[in-house]
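Asks: Below is the file my_file28.txt, which contains compact mmCIF, C-alpha atoms.
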```
# COMPACT_ATOMS: atom_id res chain seq x y z
CA MET A 1 51.36 -14.45 24.44
CA SER A 2 53.07 -11.10 24.74
CA GLN A 3 52.36 -8.44 27.36
CA ALA A 4 50.73 -6.25 24.74
CA HIS A 5 48.24 -8.95 23.92
CA VAL A 6 47.31 -9.32 27.59
CA ILE A 7 46.61 -5.59 27.82
CA VAL A 8 44.48 -5.65 24.69
CA HIS A 9 42.18 -8.32 26.05
CA GLU A 10 41.79 -6.83 29.53
CA HIS A 11 39.58 -3.98 28.30
CA PRO A 12 36.35 -3.97 26.37
CA PRO A 13 36.69 -2.93 22.73
CA GLY A 14 36.76 0.78 22.16
CA MET A 15 37.87 1.76 25.67
CA THR A 16 41.63 1.94 25.85
CA THR A 17 42.69 -0.71 23.42
CA GLY A 18 42.11 1.28 20.26
CA LEU A 19 39.91 -1.46 18.85
CA PRO A 20 36.86 -0.04 17.06
CA PRO A 21 33.62 -0.08 19.06
CA PHE A 22 31.37 -3.07 18.28
CA SER A 23 34.13 -4.31 15.93
CA VAL A 24 32.70 -2.01 13.29
CA ALA A 25 35.18 -0.31 10.96
CA ALA A 26 35.71 3.39 11.65
CA LYS A 27 34.25 4.56 8.34
CA LYS A 28 31.18 2.41 8.75
CA MET A 29 30.69 3.59 12.31
CA ALA A 30 30.95 7.19 11.13
CA ILE A 31 28.26 6.74 8.47
CA TRP A 32 26.00 4.97 10.98
CA LEU A 33 26.34 7.86 13.42
CA PHE A 34 25.53 10.24 10.57
CA ILE A 35 22.52 8.12 9.62
CA ILE A 36 21.24 8.13 13.21
CA ALA A 37 21.61 11.93 13.40
CA ASP A 38 20.00 12.39 9.99
CA ALA A 39 17.15 10.08 10.95
CA ALA A 40 16.48 12.39 13.89
CA THR A 41 16.49 15.38 11.52
CA PHE A 42 13.96 13.82 9.15
CA ALA A 43 11.88 12.54 12.05
CA ALA A 44 11.77 16.05 13.49
CA CYS A 45 10.61 17.40 10.13
CA LEU A 46 7.88 14.77 9.84
CA VAL A 47 6.77 15.26 13.44
CA VAL A 48 6.52 19.02 12.88
CA TYR A 49 4.57 18.31 9.69
CA GLY A 50 2.24 16.18 11.81
CA PHE A 51 1.90 18.99 14.37
CA LEU A 52 0.91 21.45 11.65
CA ARG A 53 -1.50 19.01 10.02
CA ASN A 54 -3.06 18.07 13.33
CA GLY A 55 -3.30 21.70 14.43
CA SER A 56 -4.88 23.01 11.22
CA ALA A 57 -8.62 23.05 10.81
CA SER A 58 -8.35 22.33 7.08
CA TRP A 59 -5.33 20.78 5.44
CA PRO A 60 -4.93 20.95 1.66
CA ARG A 61 -5.15 17.80 -0.44
CA PRO A 62 -3.44 18.90 -3.64
CA PHE A 63 -2.37 15.56 -5.10
CA HIS A 64 -4.67 14.41 -7.89
CA SER A 65 -2.64 11.40 -9.01
CA ILE A 66 -0.37 8.84 -7.40
CA VAL A 67 1.29 7.79 -10.65
CA ASN A 68 4.29 10.08 -10.32
CA VAL A 69 5.00 9.25 -6.68
CA ALA A 70 4.48 5.54 -7.38
CA ILE A 71 7.08 5.62 -10.16
CA MET A 72 9.46 7.59 -7.93
CA THR A 73 9.05 5.01 -5.15
CA PHE A 74 9.65 2.14 -7.55
CA ILE A 75 12.80 3.78 -8.92
CA LEU A 76 14.24 4.51 -5.48
CA LEU A 77 13.53 1.00 -4.18
CA THR A 78 15.06 -0.52 -7.31
CA SER A 79 18.12 1.69 -6.99
CA SER A 80 18.66 0.26 -3.50
CA LEU A 81 18.70 -3.23 -5.03
CA THR A 82 21.20 -2.20 -7.72
CA MET A 83 23.35 -0.63 -5.00
CA LEU A 84 23.41 -3.99 -3.21
CA PHE A 85 24.51 -5.66 -6.44
CA GLY A 86 27.28 -3.07 -6.79
CA VAL A 87 28.59 -3.59 -3.26
CA ARG A 88 28.40 -7.34 -3.69
CA ALA A 89 30.39 -7.13 -6.91
CA ALA A 90 32.97 -4.95 -5.18
CA LYS A 91 33.32 -7.43 -2.32
CA VAL A 92 34.27 -10.19 -4.76
CA GLY A 93 36.66 -7.92 -6.62
CA ASP A 94 34.55 -7.41 -9.74
CA LYS A 95 35.49 -3.78 -10.37
CA ALA A 96 33.71 -3.44 -13.71
CA GLY A 97 30.51 -4.92 -12.29
CA ALA A 98 30.69 -2.77 -9.17
CA LEU A 99 31.14 0.40 -11.24
CA ARG A 100 28.33 -0.60 -13.61
CA TRP A 101 25.81 -1.24 -10.81
CA THR A 102 26.90 1.89 -8.95
CA MET A 103 26.35 4.01 -12.05
CA ILE A 104 22.95 2.38 -12.63
CA THR A 105 22.10 3.32 -9.04
CA ALA A 106 23.23 6.89 -9.64
CA ALA A 107 21.16 7.00 -12.84
CA GLY A 108 18.13 5.89 -10.82
CA GLY A 109 18.80 8.75 -8.44
CA VAL A 110 18.96 11.21 -11.33
CA VAL A 111 15.63 9.98 -12.74
CA PHE A 112 14.08 10.21 -9.27
CA ALA A 113 15.33 13.79 -8.89
CA LEU A 114 14.01 14.78 -12.33
CA LEU A 115 10.58 13.32 -11.58
CA HIS A 116 10.60 15.12 -8.26
CA ILE A 117 11.46 18.44 -9.87
CA ARG A 118 8.74 17.89 -12.48
CA GLU A 119 6.24 17.37 -9.68
CA TRP A 120 7.46 20.52 -7.95
CA MET A 121 7.09 22.51 -11.15
CA GLY A 122 3.51 21.27 -11.47
CA LEU A 123 2.66 22.46 -7.95
CA ILE A 124 4.49 25.75 -8.46
CA GLY A 125 2.53 26.16 -11.69
CA GLU A 126 -0.67 25.85 -9.63
CA GLY A 127 0.54 28.75 -7.49
CA MET A 128 1.97 26.84 -4.54
CA THR A 129 5.22 28.21 -3.15
CA LEU A 130 7.13 28.00 0.09
CA PHE A 131 4.98 30.75 1.60
CA HIS A 132 1.82 30.67 -0.47
CA ASN A 133 -0.87 28.12 -1.24
CA PRO A 134 -3.91 29.21 -3.26
CA GLY A 135 -5.69 26.00 -2.23
CA GLY A 136 -5.67 26.73 1.51
CA ASN A 137 -3.22 26.66 4.37
CA PRO A 138 0.15 28.17 3.29
CA LEU A 139 1.89 25.99 5.89
CA PHE A 140 1.35 23.07 3.56
CA GLY A 141 3.63 24.60 0.94
CA ALA A 142 6.25 25.41 3.56
CA SER A 143 6.26 21.93 5.06
CA PHE A 144 5.94 20.08 1.74
CA PHE A 145 8.79 21.89 0.01
CA SER A 146 10.97 21.72 3.16
CA ILE A 147 10.61 17.97 3.68
CA THR A 148 10.76 16.92 0.04
CA GLY A 149 13.47 19.50 -0.62
CA LEU A 150 15.60 18.09 2.20
CA HIS A 151 15.11 14.61 0.79
CA LEU A 152 15.89 15.79 -2.74
CA LEU A 153 19.06 17.38 -1.41
CA HIS A 154 20.04 14.03 0.08
CA VAL A 155 19.32 12.25 -3.20
CA THR A 156 21.40 14.79 -5.13
CA GLY A 157 24.27 14.46 -2.65
CA GLY A 158 23.96 10.69 -2.87
CA VAL A 159 24.19 10.74 -6.68
CA VAL A 160 27.34 12.88 -6.51
CA ALA A 161 28.82 10.57 -3.86
CA LEU A 162 27.98 7.44 -5.87
CA VAL A 163 29.63 8.77 -9.02
CA ALA A 164 32.69 10.05 -7.16
CA VAL A 165 33.20 6.93 -5.05
CA GLY A 166 32.42 4.61 -7.97
CA LEU A 167 35.02 6.25 -10.20
CA ARG A 168 37.63 6.35 -7.46
CA TYR A 169 36.93 2.71 -6.66
CA LYS A 170 37.55 1.85 -10.31
CA ASN A 171 40.80 3.84 -10.25
CA GLY A 172 41.94 1.98 -7.15
CA ARG A 173 41.88 4.97 -4.81
CA TYR A 174 38.91 3.61 -2.85
CA ASN A 175 38.12 0.06 -1.86
CA ALA A 176 34.99 -2.06 -1.50
CA ASP A 177 34.42 -0.79 2.06
CA ASP A 178 34.13 2.78 0.76
CA LEU A 179 31.52 1.66 -1.75
CA GLU A 180 29.66 -0.16 1.03
CA VAL A 181 29.64 2.97 3.20
CA THR A 182 28.21 5.00 0.30
CA GLY A 183 25.64 2.26 -0.19
CA LEU A 184 24.55 2.55 3.45
CA TYR A 185 23.85 6.23 2.87
CA TRP A 186 21.88 5.45 -0.28
CA HIS A 187 19.74 2.85 1.52
CA PHE A 188 19.04 5.42 4.21
CA VAL A 189 17.77 7.89 1.60
CA ASP A 190 15.47 5.12 0.39
CA LEU A 191 14.36 4.38 3.96
CA VAL A 192 13.38 8.00 4.59
CA TRP A 193 11.26 8.02 1.43
CA MET A 194 9.23 5.11 2.86
CA PHE A 195 7.94 7.51 5.52
CA VAL A 196 7.66 10.63 3.35
CA VAL A 197 5.40 8.95 0.77
CA PRO A 198 2.53 7.92 3.06
CA PHE A 199 2.53 10.97 5.31
CA VAL A 200 3.15 13.76 2.82
CA TYR A 201 1.57 12.30 -0.32
CA LEU A 202 -0.84 9.44 0.30
CA LEU A 203 -2.67 11.06 3.22
CA ASN A 204 -3.24 14.16 1.10
CA LEU A 205 -4.84 12.74 -2.02
CA ALA A 206 -7.55 14.94 -3.48
CA MET B 1 56.79 -6.44 18.84
CA VAL B 2 53.04 -6.52 18.50
CA ASP B 3 51.14 -4.92 15.65
CA ALA B 4 49.05 -1.96 16.76
CA PRO B 5 45.30 -2.44 16.55
CA ASP B 6 43.86 -1.14 13.31
CA VAL B 7 41.55 1.76 14.08
CA HIS B 8 41.48 3.37 10.65
CA GLY B 9 38.95 1.24 8.91
CA THR B 10 41.25 -1.18 7.14
CA GLU B 11 40.26 -4.14 9.26
CA PRO B 12 38.32 -6.84 7.42
CA ALA B 13 34.78 -5.79 6.63
CA ALA B 14 31.88 -7.80 7.97
CA ARG B 15 31.39 -10.84 5.83
CA TYR B 16 27.86 -11.09 4.55
CA SER B 17 26.54 -14.43 3.43
CA ASP B 18 23.43 -12.90 1.85
CA THR B 19 22.65 -14.23 -1.59
CA ILE B 20 21.28 -12.24 -4.51
CA GLY B 21 18.07 -14.27 -4.12
CA LYS B 22 17.71 -12.98 -0.58
CA TYR B 23 18.21 -9.39 -1.73
CA VAL B 24 15.60 -9.81 -4.46
CA GLY B 25 13.22 -11.43 -1.98
CA VAL B 26 13.52 -8.49 0.42
CA TYR B 27 13.15 -6.09 -2.52
CA VAL B 28 9.91 -7.80 -3.59
CA CYS B 29 8.63 -7.64 0.00
CA LEU B 30 9.41 -3.91 0.07
CA LEU B 31 7.57 -3.39 -3.22
CA ILE B 32 4.54 -5.26 -1.90
CA LEU B 33 4.53 -3.26 1.34
CA ALA B 34 4.86 0.00 -0.60
CA ALA B 35 1.99 -1.05 -2.85
CA LEU B 36 -0.09 -1.81 0.27
CA GLN B 37 0.38 1.77 1.40
CA PHE B 38 -0.98 2.99 -1.93
CA VAL B 39 -3.96 0.64 -1.62
CA ILE B 40 -4.71 1.88 1.90
CA ALA B 41 -4.71 5.46 0.58
CA PHE B 42 -7.83 4.62 -1.43
CA MET B 43 -9.64 2.61 1.24
CA GLY B 44 -12.73 4.12 2.79
CA MET B 45 -11.56 4.87 6.31
CA ASP B 46 -10.76 7.99 8.29
CA THR B 47 -7.36 9.65 8.18
CA THR B 48 -6.31 8.41 11.62
CA ALA B 49 -6.96 4.80 10.69
CA LYS B 50 -5.11 5.25 7.39
CA PHE B 51 -2.19 6.89 9.20
CA ALA B 52 -1.92 4.04 11.71
CA ARG B 53 -1.85 1.39 8.99
CA MET B 54 0.57 3.30 6.78
CA PHE B 55 2.88 3.99 9.72
CA PHE B 56 2.92 0.31 10.71
CA ILE B 57 3.81 -0.67 7.14
CA ALA B 58 6.49 2.04 6.90
CA VAL B 59 8.10 0.74 10.10
CA ALA B 60 8.06 -2.79 8.66
CA GLU B 61 9.67 -1.51 5.45
CA ALA B 62 12.30 0.38 7.41
CA GLY B 63 13.03 -2.73 9.48
CA LEU B 64 13.57 -4.85 6.37
CA ALA B 65 15.80 -2.20 4.80
CA LEU B 66 17.84 -1.78 7.99
CA LEU B 67 18.29 -5.46 8.72
CA PHE B 68 18.96 -6.82 5.23
CA PHE B 69 19.80 -3.98 2.83
CA MET B 70 21.95 -2.16 5.39
CA HIS B 71 23.19 -5.48 6.82
CA LEU B 72 22.43 -4.57 10.42
CA TRP B 73 21.39 -8.18 10.99
CA ALA B 74 24.90 -9.35 10.06
CA GLU B 75 26.63 -6.95 12.47
CA LYS B 76 27.35 -7.77 16.09
CA ARG B 77 24.24 -7.85 18.27
CA GLY B 78 25.68 -5.11 20.47
CA PHE B 79 25.87 -2.77 17.49
CA LEU B 80 22.33 -3.64 16.42
CA LEU B 81 21.12 -2.91 19.95
CA PHE B 82 23.05 0.37 20.02
CA VAL B 83 21.49 1.59 16.78
CA VAL B 84 17.96 0.44 17.57
CA VAL B 85 17.83 1.56 21.21
CA PHE B 86 19.61 4.87 20.70
CA THR B 87 17.63 5.84 17.60
CA GLY B 88 14.40 4.54 19.06
CA PHE B 89 14.85 6.60 22.20
CA VAL B 90 15.48 9.80 20.25
CA LEU B 91 12.52 9.23 17.94
CA LEU B 92 10.18 8.34 20.79
CA ALA B 93 11.29 11.37 22.81
CA MET B 94 10.17 13.58 19.93
CA GLN B 95 6.60 12.35 20.35
CA TYR B 96 6.35 14.30 23.62
CA GLY B 97 5.43 17.37 21.60
CA TRP B 98 2.12 15.94 20.38
CA THR B 99 0.41 17.38 23.43
CA ASP B 100 1.32 20.83 22.14
CA SER B 101 -0.11 19.92 18.76
CA ASP B 102 -3.45 19.17 20.40
CA ARG B 103 -3.21 22.44 22.29
CA MET B 104 -2.82 24.29 18.98
CA GLU B 105 -6.09 22.79 17.87
CA VAL B 106 -8.32 22.75 20.95
CA GLY B 107 -6.59 25.17 23.32
CA ALA B 108 -4.79 24.49 26.55
CA PRO B 109 -6.71 22.19 28.88
CA TYR B 110 -8.21 23.60 32.11
CA THR B 111 -7.89 27.20 30.90
CA GLN B 112 -11.47 27.58 29.74
CA PRO B 113 -13.71 29.12 32.44
CA LYS B 114 -16.38 26.72 33.60
CA GLN B 115 -19.95 27.70 32.85
CA GLY B 116 -21.71 29.25 35.80
CA VAL B 117 -18.50 30.19 37.61
CA VAL B 118 -17.81 33.89 37.96
CA SER B 119 -14.15 34.68 37.83
CA GLN B 120 -12.96 37.34 40.25
```
When written as structure tokens, how does the structure in this file appear?
Replies:
Amino acid sequence: MSQAHVIVHEHPPGMTTGLPPFSVAAKKMAIWLFIIADAATFAACLVVYGFLRNGSASWPRPFHSIVNVAIMTFILLTSSLTMLFGVRAAKVGDKAGALRWTMITAAGGVVFALLHIREWMGLIGEGMTLFHNPGGNPLFGASFFSITGLHLLHVTGGVVALVAVGLRYKNGRYNADDLEVTGLYWHFVDLVWMFVVPFVYLLNLA
Amino acid sequence: MVDAPDVHGTEPAARYSDTIGKYVGVYVCLLILAALQFVIAFMGMDTTAKFARMFFIAVAEAGLALLFFMHLWAEKRGFLLFVVVFTGFVLLAMQYGWTDSDRMEVGAPYTQPKQGVVSQ
């Protein structure tokens, strides 16, 4: 064993050896750190939403139907599954399959975004805006559009990332690990929705 | 001459032994849990009870997604601990502010003058 090998094994990974912390690839570690930070951002938004709801004498219940949000939830959950299929295909070198599943995932994201915008337009049509709510507390509009808007922004960014990474993976510029990292982000967007649905929608049914 | 350690993400990715059947199984579990949240929304109970049940289910959903869809279960235990403990600490620390939320609603405790006491 060479001297260099001895030095490498004297230190824990990530200290002075240059080995990645926890033996996790640098790109994957970066997306996990982003996910942790973003989770804190969404948690802060939901906690503030809870503060406002808890601190308001009357909180609006503007949602008359759960059909739209149920379909949106189904689409987002299913898109997570198709993303898994895409990453799995990429790991075994099936480029065509990986691209196909990645594009199906992106299409799911587009449908989700369109349904979300349709729902927004319905509420805006009823007079609810970021600063105005004819049905009661205007803070509802502010918090609702902020939280769902932030999530919609993440979905839109995710769709762009999926298409870009999927195409570059097909062209050979990116590898399966890049697709996996994008998939982690997409699963996180799905994970956040699991908390947004009950707190913002289901607890406010008319 | 020894090869330098690879720190730029080209080292072999974690090898996942998950089958498609396992993914579909977790997906079905997530669908069922999501459906449960919708059922709870229509149950005749107060908002606090609904919130508690929905929150518990959302945490279970998030756990399934993290462990199996995001493959945290297949990573090294140290990494799993890092993510769970670090994130958990930050999220729990945020809950400190709930006391202020109550204050918004009922006023600061011990600031209301007691009946029968004349302030000077």
Asks: Select, as a VMD selection string, those residues of chain A with any atom no more than 7 Å from chain B (distances computed using all atoms listed in the file).
Replies: chain A and resid 4 18 to 20 22 25 to 27 36 40 43 51 54 to 56 81 177 184 187 191 194 to 195 198 202 to 203
Asks: Can you list, as a ChimeraX atom specification, every protein, DNA or RNA residue that comes within 10 Å of stretch 63-75 of chain A when you count all atoms listed in the file, leaving out same-chain residues fewer than 4 positions away?
Replies: /A:79-81,105,107-116,118-119,123,190,193-194,197,200-206 /B:30-31,34-35,38,41
Asks: Looking at all atoms listed in the file, which of A:Met29, A:Leu84, A:Cys45, A:Ala37 is the one that sits closest to B:Lys22?
Replies: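 Selected residue with least distance to B:Lys22: A:Leu84.
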Asks: Write out as a count of residues only each polymer residue whose atoms come within 8 Å of A:Thr102, counting all atoms listed in the file; drop sequence neighbours fewer than 5 positions from it.
Replies: 6
Asks: Rounded to one decimal place, report the atom CA of A:Pro21-atom CA of A:Asp38 distance in Å.
Replies: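 Calculated distance between atom CA of A:Pro21 and atom CA of A:Asp38 is 20.6 Å.
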Asks: In Å, how far is it from atom CA of A:Leu179 to atom CA of A:Val160?
Replies: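 Straight-line distance from atom CA of A:Leu179 to atom CA of A:Val160 works out to 12.9 Å.
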Asks: Mind giving me the straight-line distance from atom CA of A:Lys28 to atom CA of B:Phe56 in Å, one decimal?
Replies: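 Separating atom CA of A:Lys28 from atom CA of B:Phe56 is a distance of 28.4 Å.
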